file query.cif (mmCIF, C-alpha atoms)
data_structure
loop_
_atom_site.label_atom_id
_atom_site.label_comp_id
_atom_site.auth_asym_id
_atom_site.auth_seq_id
_atom_site.Cartn_x
_atom_site.Cartn_y
_atom_site.Cartn_z
CA MET A 18 0.00 0.00 0.00
CA THR A 19 1.54 3.30 -1.03
CA LEU A 20 0.93 6.63 0.68
CA LYS A 21 -0.21 9.50 -1.45
CA LYS A 22 1.96 12.56 -1.35
CA PRO A 23 0.09 15.70 -0.26
CA ASP A 24 -0.65 18.08 -3.04
CA TRP A 25 0.72 21.34 -1.64
CA SER A 26 -0.41 23.34 -4.63
CA LYS A 27 -4.05 22.63 -3.74
CA TRP A 28 -3.39 23.70 -0.13
CA ARG A 29 -1.88 26.94 -1.32
CA GLU A 30 -4.89 27.58 -3.55
CA LYS A 31 -7.26 26.87 -0.65
CA LEU A 32 -5.43 29.44 1.46
CA LYS A 33 -6.38 32.04 -1.10
CA ASP A 34 -10.06 31.06 -1.35
CA VAL A 35 -12.15 34.03 -0.35
CA TYR A 36 -14.96 33.64 2.20
CA ARG A 37 -17.60 36.23 2.89
CA PHE A 38 -18.76 36.98 6.40
CA GLN A 39 -21.99 38.99 6.63
CA ILE A 40 -24.06 40.36 9.45
CA VAL A 41 -27.68 40.76 8.29
CA ASP A 42 -30.67 42.35 10.04
CA GLU A 43 -33.12 39.48 10.32
CA LYS A 44 -36.18 41.73 10.33
CA HIS A 45 -35.37 43.96 7.37
CA TYR A 46 -32.69 41.83 5.75
CA ASP A 47 -30.33 44.76 5.65
CA VAL A 48 -26.63 43.89 5.46
CA LYS A 49 -24.92 45.55 8.40
CA LEU A 50 -21.38 44.28 7.92
CA VAL A 51 -19.54 42.39 5.22
CA LEU A 52 -16.08 40.89 5.62
CA GLU A 53 -14.24 39.07 2.90
CA LEU A 54 -11.54 36.86 4.35
CA ASN A 55 -9.36 34.02 3.29
CA ARG A 56 -7.40 31.50 5.32
CA LEU A 57 -4.10 33.25 4.64
CA ASN A 58 -5.35 36.57 6.04
CA VAL A 59 -6.70 34.86 9.15
CA ILE A 60 -3.39 33.07 9.77
CA VAL A 61 -1.37 36.28 9.26
CA VAL A 62 -3.61 38.39 11.53
CA GLY A 63 -3.72 35.67 14.19
CA GLY A 64 0.07 35.37 14.13
CA LEU A 65 0.52 39.13 14.45
CA LEU A 66 -1.91 39.28 17.39
CA LEU A 67 -0.13 36.37 19.08
CA ALA A 68 3.25 38.08 18.60
CA PHE A 69 1.87 41.39 19.92
CA PHE A 70 0.43 39.85 23.09
CA THR A 71 3.59 37.81 23.64
CA PHE A 72 5.69 40.97 23.42
CA LEU A 73 3.27 42.79 25.72
CA ASN A 74 3.49 39.96 28.27
CA PHE A 75 7.30 40.15 28.10
CA LEU A 76 7.22 43.88 28.86
CA PHE A 77 4.93 43.35 31.85
CA ILE A 78 7.19 40.69 33.34
CA SER A 79 10.46 42.50 32.63
CA PHE A 80 9.60 46.00 33.82
CA THR A 81 7.08 45.46 36.62
CA PRO A 82 7.24 43.74 40.05
CA LEU A 83 5.56 40.71 38.46
CA LYS A 84 9.05 39.40 37.67
CA GLN A 85 9.49 38.62 41.36
CA TYR A 86 6.92 35.83 41.00
CA VAL A 87 8.83 34.06 38.24
CA PRO A 88 10.36 30.84 39.69
CA GLY A 89 14.15 31.03 39.88
CA TYR A 90 14.29 34.78 39.30
CA GLY A 91 16.95 36.55 41.34
CA THR A 92 19.97 38.81 41.18
CA SER A 93 23.31 38.94 42.94
CA SER A 94 22.17 42.00 44.90
CA GLY A 95 19.06 40.14 46.03
CA ARG A 96 21.10 37.19 47.23
CA SER A 97 23.49 39.49 49.10
CA GLU A 98 20.50 41.15 50.81
CA VAL A 99 19.20 37.74 51.90
CA ILE A 100 22.61 36.83 53.34
CA SER A 101 22.86 40.20 55.10
CA MET A 102 19.37 39.79 56.59
CA ASN A 103 20.28 36.29 57.79
CA ILE A 104 23.40 37.62 59.55
CA LYS A 105 21.41 40.43 61.17
CA THR A 106 18.75 37.94 62.31
CA GLN A 107 21.37 35.77 64.00
CA GLU A 108 22.91 38.83 65.66
CA LEU A 109 19.49 39.98 66.93
CA GLU A 110 18.83 36.48 68.27
CA ARG A 111 22.11 36.55 70.23
CA LYS A 112 21.31 40.01 71.62
CA LEU A 113 17.80 38.87 72.58
CA ASN A 114 19.17 35.87 74.47
CA ALA A 115 21.69 38.09 76.29
CA HIS A 116 18.93 40.59 77.14
CA GLN A 117 16.70 37.82 78.51
CA LYS A 118 19.53 36.60 80.77
CA TYR A 119 20.16 40.17 81.89
CA VAL A 120 16.48 40.70 82.74
CA GLN A 121 16.42 37.39 84.61
CA ASN A 122 19.39 38.50 86.70
CA LEU A 123 17.65 41.79 87.49
CA GLN A 124 14.53 39.91 88.55
CA ASN A 125 16.65 37.82 90.89
CA ILE A 126 18.11 41.02 92.37
CA LEU A 127 14.68 42.61 92.79
CA ASN A 128 13.32 39.49 94.49
CA ASP A 129 16.41 39.14 96.73
CA LYS A 130 17.47 35.96 94.96
CA VAL A 131 20.97 36.96 93.99
CA VAL A 132 22.80 34.15 92.22
CA VAL A 133 26.56 34.38 92.75
CA ASP A 134 27.47 33.28 89.23
CA ALA A 135 24.59 35.10 87.53
CA VAL A 136 26.72 38.09 86.60
CA ALA A 137 30.11 37.40 85.10
CA THR A 138 32.84 39.45 86.72
CA PRO A 139 36.50 39.79 85.77
CA LEU A 140 37.57 40.04 89.41
CA LYS A 141 40.15 37.52 90.44
CA LYS A 142 39.35 35.46 93.48
CA SER A 143 41.91 35.88 96.24
CA LYS A 144 43.42 32.74 97.63
CA VAL A 145 42.89 32.99 101.38
CA ASP A 146 45.04 30.76 103.51
CA SER A 147 42.48 29.57 106.04
CA GLY A 148 45.09 27.97 108.32
CA ILE A 149 43.54 27.41 111.69
CA LEU A 150 40.19 28.52 110.31
CA SER A 151 39.92 25.18 108.53
CA LEU A 152 38.85 23.73 111.89
CA LYS A 153 35.59 25.57 112.53
CA THR A 154 33.01 25.47 115.25
CA THR A 155 29.53 26.84 114.53
CA ASP A 156 30.49 30.35 115.63
CA GLU A 157 33.76 30.22 113.74
CA ALA A 158 32.02 29.10 110.55
CA GLU A 159 29.72 32.12 110.72
CA PHE A 160 32.71 34.36 111.41
CA VAL A 161 34.58 32.96 108.39
CA LYS A 162 31.54 33.56 106.15
CA LYS A 163 31.47 37.20 107.22
CA MET A 164 35.21 37.48 106.66
CA GLU A 165 34.95 35.96 103.18
CA LYS A 166 32.10 38.30 102.28
CA GLY A 167 34.12 41.24 103.57
CA LEU A 168 37.10 40.13 101.53
CA GLN A 169 34.92 39.88 98.44
CA ASN A 170 33.61 43.44 98.89
CA ALA A 171 37.10 44.70 99.72
CA GLU A 172 38.43 43.01 96.58
CA LEU A 173 35.73 44.72 94.53
CA MET A 174 36.58 48.16 95.90
CA GLU A 175 40.29 47.50 95.53
CA SER A 176 39.85 46.60 91.87
CA VAL A 177 37.94 49.84 91.38
CA ARG A 178 40.66 51.90 93.08
CA ASP A 179 43.31 50.21 90.95
CA THR A 180 41.76 51.42 87.68
CA LYS A 181 43.26 54.56 86.15
CA THR A 182 39.90 56.34 86.26
CA SER A 183 37.91 55.05 89.21
CA ILE A 184 34.19 55.36 88.65
CA PHE A 185 33.69 55.91 92.38
CA SER A 186 36.29 58.67 92.79
CA ASN A 187 34.02 61.38 91.35
CA LEU A 188 30.66 59.60 91.58
CA GLN A 189 27.81 61.78 92.80
CA LEU A 190 24.23 60.60 93.09
CA GLN A 191 21.14 62.78 93.05
CA LYS A 192 19.09 62.18 96.19
CA PRO A 193 15.86 60.51 95.02
CA VAL A 194 13.67 62.12 97.73
CA SER A 195 14.10 64.99 100.18
CA GLY A 196 13.90 63.03 103.45
CA LYS A 197 16.65 61.60 105.62
CA ILE A 198 17.90 58.01 105.66
CA ILE A 199 15.78 55.92 108.03
CA SER A 200 17.19 52.50 107.17
CA PRO A 201 20.87 52.42 106.05
CA PHE A 202 22.52 49.94 103.73
CA ASP A 203 23.31 46.62 105.42
CA PRO A 204 24.59 43.79 103.17
CA ASN A 205 23.72 41.22 105.86
CA LYS A 206 20.05 42.24 105.95
CA SER A 207 19.08 44.39 102.99
CA THR A 208 20.87 45.81 99.96
CA GLY A 209 18.57 48.84 99.89
CA THR A 210 18.86 52.26 101.54
CA THR A 211 15.50 53.58 102.72
CA MET A 212 14.88 57.35 102.75
CA GLU A 213 11.91 59.18 104.20
CA ALA A 214 9.62 60.95 101.72
CA GLY A 215 6.52 63.08 101.64
CA ALA A 216 3.10 61.84 100.59
CA ASN A 217 3.35 60.85 96.90
CA GLU A 218 6.58 62.86 96.66
CA ALA A 219 8.26 62.85 93.25
CA VAL A 220 11.13 60.34 93.07
CA LYS A 221 14.12 61.64 91.10
CA ALA A 222 16.58 59.73 88.92
CA VAL A 223 19.87 59.47 90.82
CA LEU A 224 21.91 59.12 87.60
CA SER A 225 21.27 59.51 83.89
CA GLY A 226 20.71 56.25 82.03
CA ASN A 227 18.31 53.92 80.25
CA VAL A 228 15.34 52.27 81.94
CA ILE A 229 15.94 48.54 81.61
CA PHE A 230 13.17 47.12 83.76
CA THR A 231 9.95 48.14 85.52
CA GLY A 232 7.51 46.10 87.53
CA ASN A 233 5.29 45.78 90.57
CA SER A 234 5.26 43.33 93.47
CA LEU A 235 3.73 43.08 96.94
CA SER A 236 7.09 43.25 98.72
CA ASN A 237 8.75 45.99 96.64
CA GLY A 238 5.78 48.00 95.34
CA ALA A 239 6.27 49.60 91.94
CA TYR A 240 9.96 49.56 91.05
CA ILE A 241 12.18 50.79 88.25
CA ALA A 242 15.73 49.77 87.27
CA VAL A 243 18.04 52.13 85.38
CA GLN A 244 21.40 51.29 83.84
CA SER A 245 23.92 54.10 83.86
CA GLU A 246 27.49 54.29 82.57
CA ASN A 247 30.36 52.09 83.77
CA GLN A 248 28.09 49.09 84.46
CA LEU A 249 26.29 50.89 87.29
CA VAL A 250 22.68 49.87 87.84
CA TYR A 251 20.36 51.46 90.39
CA ILE A 252 16.90 50.37 91.45
CA LEU A 253 14.23 52.52 93.07
CA LYS A 254 11.61 50.51 94.96
CA ASN A 255 8.52 51.15 97.09
CA ASN A 256 6.80 53.51 94.63
CA ASN A 257 3.10 54.12 94.18
CA GLN A 258 3.56 54.68 90.47
CA VAL A 259 6.38 54.44 87.92
CA LEU A 260 6.29 57.22 85.31
CA LYS A 261 8.75 55.76 82.81
CA LYS A 262 8.72 52.74 80.52
CA THR A 263 11.40 50.23 79.61
CA GLY A 264 13.72 51.74 76.99
CA ASN A 265 13.19 55.38 78.05
CA PHE A 266 16.26 57.54 78.67
CA VAL A 267 16.15 59.49 81.95
CA ARG A 268 18.36 62.34 83.11
CA MET A 269 19.71 62.88 86.60
CA GLY A 270 17.13 64.74 88.68
CA GLU A 271 14.22 63.88 86.36
CA THR A 272 11.01 62.67 88.01
CA ILE A 273 10.56 58.97 87.28
CA ALA A 274 8.16 57.76 90.00
CA ASN A 275 5.99 58.72 92.97
CA ALA A 276 6.94 57.57 96.48
CA GLY A 277 4.72 55.06 98.24
CA LYS A 278 4.11 53.87 101.79
CA ILE A 279 6.50 51.45 103.42
CA ARG A 280 5.30 48.55 105.53
CA PRO A 281 4.54 48.15 108.39
CA SER A 282 5.05 51.76 109.54
CA GLY A 283 2.82 53.23 106.82
CA LYS A 284 5.23 56.13 106.25
CA TYR A 285 6.07 57.35 102.78
CA ALA A 286 9.59 56.35 101.76
CA SER A 287 11.81 55.46 98.81
CA VAL A 288 14.24 52.53 98.68
CA LEU A 289 17.42 52.92 96.63
CA GLU A 290 19.73 50.07 95.60
CA LEU A 291 23.05 50.59 93.80
CA TRP A 292 24.75 47.69 92.00
CA TYR A 293 28.12 47.40 90.30
CA LYS A 294 29.06 44.22 88.41
CA GLY A 295 26.54 42.20 90.41
CA GLN A 296 27.71 43.52 93.79
CA PRO A 297 25.58 45.80 96.02
CA ILE A 298 27.15 49.17 96.90
CA ASP A 299 26.19 51.56 99.69
CA PRO A 300 24.72 54.58 97.85
CA ALA A 301 24.77 56.84 100.94
CA LYS A 302 28.50 57.49 100.42
CA PHE A 303 27.82 59.14 97.06
CA LEU A 304 24.63 61.11 97.68
CA LYS A 305 24.88 64.87 97.16
#
call {"tool": "encode", "arguments": {"input": "query.cif", "output": "structure tokens"}}
result
Amino acid sequence: MTLKKPDWSKWREKLKDVYRFQIVDEKHYDVKLVLELNRLNVIVVGGLLLAFFTFLNFLFISFTPLKQYVPGYGTSSGRSEVISMNIKTQELERKLNAHQKYVQNLQNILNDKVVVDAVATPLKKSKVDSGILSLKTTDEAEFVKKMEKGLQNAELMESVRDTKTSIFSNLQLQKPVSGKIISPFDPNKSTGTTMEAGANEAVKAVLSGNVIFTGNSLSNGAYIAVQSENQLVYILKNNNQVLKKTGNFVRMGETIANAGKIRPSGKYASVLELWYKGQPIDPAKFLK
């Protein structure tokens, strides 16, 4: 069985056959539109329309944000931005973790749950030759604990004095309230210094710095923690109301809270704590 070869001449002739397309009014039989077309014209016009819309689609994708939706599209600058954003995200994550640890340490301080290793300190531990103190009775053990604590505080102050510019040599604190000290600093009982205040008296910032923590508790009332320069942190407790938010910058002498009543006396007072590298410091020595 042999296959017949297509007669291309007939196909070419058919492409040129003219067809009439008419639109006629059915009621009056008026001819409204007459089009004479052949296959060749239809193919040419269809091809031109297809090419036009293809070119138009190319322009839309190339010069509008629609190109961002094309799979695999990207530039070197885009990839570098993604890498940069990834690095910044990791850095922010590290800072967030460090901030959370810092806030946790402050909460421990505010709740009188000071963890010895919570705040890293570069101070070197002195090697104390206990000698006869290694054999302790109950009274001697308590005495040694006090001695060791005293040595630790002395070591802290000594390290500060050894620096070329001691932060305590010219340190001056603004008195938070106008009253006198009614309960002095005592590291064995309380790390706070309590000062008498008037009813709802304005509590001043003792140093300029950034507010790093605020809160409220039954034992401490409304409190606010401010970080100043040289790793100094001070906390003002026993307030009726705190007027600043975390992240605010406060200046020395600026009103940041209102004094509240202290229990069980019912007198208005303000409690000030001063901390340096995780160690409580007596603020009374530096008040103006």
call {"tool": "resolve_selection", "arguments": {"input": "query.cif", "expression": "the PyMOL selection byres ((chain A and resi 245) around 12)", "output": "NGL selection string"}}
result
:A and (184 or 188 or 190 or 222-229 or 242-244 or 246-252 or 266-269 or 291-293)
call {"tool": "resolve_selection", "arguments": {"input": "query.cif", "expression": "the PyMOL selection byres ((chain A and resi 28-31) around 12)", "output": "PyMOL selection string"}}
result
chain A and resi 23-27+32-36+54-58
call {"tool": "write_last_selection", "arguments": {"input": "query.cif", "atoms": "C-alpha atoms", "output": "mmCIF file, keeping the file's coordinate frame"}}
result
data_model
loop_
_atom_site.group_PDB
_atom_site.id
_atom_site.type_symbol
_atom_site.label_atom_id
_atom_site.label_comp_id
_atom_site.auth_asym_id
_atom_site.auth_seq_id
_atom_site.Cartn_x
_atom_site.Cartn_y
_atom_site.Cartn_z
ATOM 1 C CA PRO A 23 0.090 15.700 -0.260
ATOM 2 C CA ASP A 24 -0.650 18.080 -3.040
ATOM 3 C CA TRP A 25 0.720 21.340 -1.640
ATOM 4 C CA SER A 26 -0.410 23.340 -4.630
ATOM 5 C CA LYS A 27 -4.050 22.630 -3.740
ATOM 6 C CA LEU A 32 -5.430 29.440 1.460
ATOM 7 C CA LYS A 33 -6.380 32.040 -1.100
ATOM 8 C CA ASP A 34 -10.060 31.060 -1.350
ATOM 9 C CA VAL A 35 -12.150 34.030 -0.350
ATOM 10 C CA TYR A 36 -14.960 33.640 2.200
ATOM 11 C CA LEU A 54 -11.540 36.860 4.350
ATOM 12 C CA ASN A 55 -9.360 34.020 3.290
ATOM 13 C CA ARG A 56 -7.400 31.500 5.320
ATOM 14 C CA LEU A 57 -4.100 33.250 4.640
ATOM 15 C CA ASN A 58 -5.350 36.570 6.040
#
call {"tool": "residues_around", "arguments": {"input": "query.cif", "residues": "Val51 of chain A", "least_positions_apart": "6", "cutoff": "9 Å", "atoms": "all atoms listed in the file", "output": "list in words"}}
result
Arg37, Phe38, Gln39, Ile40 and Val41 of chain A
call {"tool": "atom_distance", "arguments": {"input": "query.cif", "atom1": "atom CA of Lys206 of chain A", "atom2": "atom CA of Val194 of chain A"}}
result
22.4 Å
call {"tool": "closest_residue", "arguments": {"input": "query.cif", "among": "A:Lys278, A:Asp299, A:Asn255, A:Asn103", "to": "Ser207 of chain A", "atoms": "all atoms listed in the file"}}
result
A:Asp299
call {"tool": "closest_residue", "arguments": {"input": "query.cif", "among": "A:Leu253, A:Leu52, A:Ala219, A:Leu67", "to": "Glu271 of chain A", "atoms": "only C-alpha atoms"}}
result
A:Ala219
call {"tool": "residues_around", "arguments": {"input": "query.cif", "residues": "Lys302 of chain A", "least_positions_apart": "4", "cutoff": "12 Å", "atoms": "all atoms listed in the file", "output": "PyMOL selection string"}}
result
chain A and resi 185-192+198+201-202+210+291+298
call {"tool": "residues_around", "arguments": {"input": "query.cif", "residues": "Asn217 of chain A", "least_positions_apart": "3", "cutoff": "8 Å", "atoms": "only C-alpha atoms", "output": "ChimeraX atom specification"}}
result
/A:214,257,275-277,285
call {"tool": "closest_residue", "arguments": {"input": "query.cif", "among": "A:Leu109, A:Ala68, A:Val59, A:Leu289", "to": "Tyr240 of chain A", "atoms": "all atoms listed in the file"}}
result
A:Leu289
call {"tool": "atom_distance", "arguments": {"input": "query.cif", "atom1": "atom CA of Ser195 of chain A", "atom2": "atom CA of Lys284 of chain A"}}
result
13.9 Å
call {"tool": "closest_residue", "arguments": {"input": "query.cif", "among": "A:Gln107, A:Asn237, A:Asn265, A:Ser287", "to": "Met212 of chain A", "atoms": "all atoms listed in the file"}}
result
A:Ser287
call {"tool": "closest_residue", "arguments": {"input": "query.cif", "among": "A:Asn122, A:Thr208, A:Ser200, A:Ser236", "to": "Ala286 of chain A", "atoms": "all atoms listed in the file"}}
result
A:Ser200
call {"tool": "resolve_selection", "arguments": {"input": "query.cif", "expression": "the PyMOL selection byres ((chain A and resi 261) around 10)", "output": "list in words"}}
result
Val228, Phe230, Thr231, Ile241, Gln258, Val259, Leu260, Lys262, Thr263, Gly264, Asn265, Phe266, Val267, Thr272, Ile273 and Ala274 of chain A
call {"tool": "write_last_selection", "arguments": {"input": "query.cif", "atoms": "C-alpha atoms", "output": "PDB file, keeping the file's coordinate frame"}}
result
ATOM      1  CA  VAL A 228      15.340  52.270  81.940  1.00  0.00           C
ATOM      2  CA  PHE A 230      13.170  47.120  83.760  1.00  0.00           C
ATOM      3  CA  THR A 231       9.950  48.140  85.520  1.00  0.00           C
ATOM      4  CA  ILE A 241      12.180  50.790  88.250  1.00  0.00           C
ATOM      5  CA  GLN A 258       3.560  54.680  90.470  1.00  0.00           C
ATOM      6  CA  VAL A 259       6.380  54.440  87.920  1.00  0.00           C
ATOM      7  CA  LEU A 260       6.290  57.220  85.310  1.00  0.00           C
ATOM      8  CA  LYS A 262       8.720  52.740  80.520  1.00  0.00           C
ATOM      9  CA  THR A 263      11.400  50.230  79.610  1.00  0.00           C
ATOM     10  CA  GLY A 264      13.720  51.740  76.990  1.00  0.00           C
ATOM     11  CA  ASN A 265      13.190  55.380  78.050  1.00  0.00           C
ATOM     12  CA  PHE A 266      16.260  57.540  78.670  1.00  0.00           C
ATOM     13  CA  VAL A 267      16.150  59.490  81.950  1.00  0.00           C
ATOM     14  CA  THR A 272      11.010  62.670  88.010  1.00  0.00           C
ATOM     15  CA  ILE A 273      10.560  58.970  87.280  1.00  0.00           C
ATOM     16  CA  ALA A 274       8.160  57.760  90.000  1.00  0.00           C
TER      17      ALA A 274
END
call {"tool": "atom_distance", "arguments": {"input": "query.cif", "atom1": "atom CA of Ile126 of chain A", "atom2": "atom CA of Asn256 of chain A"}}
result
17.0 Å
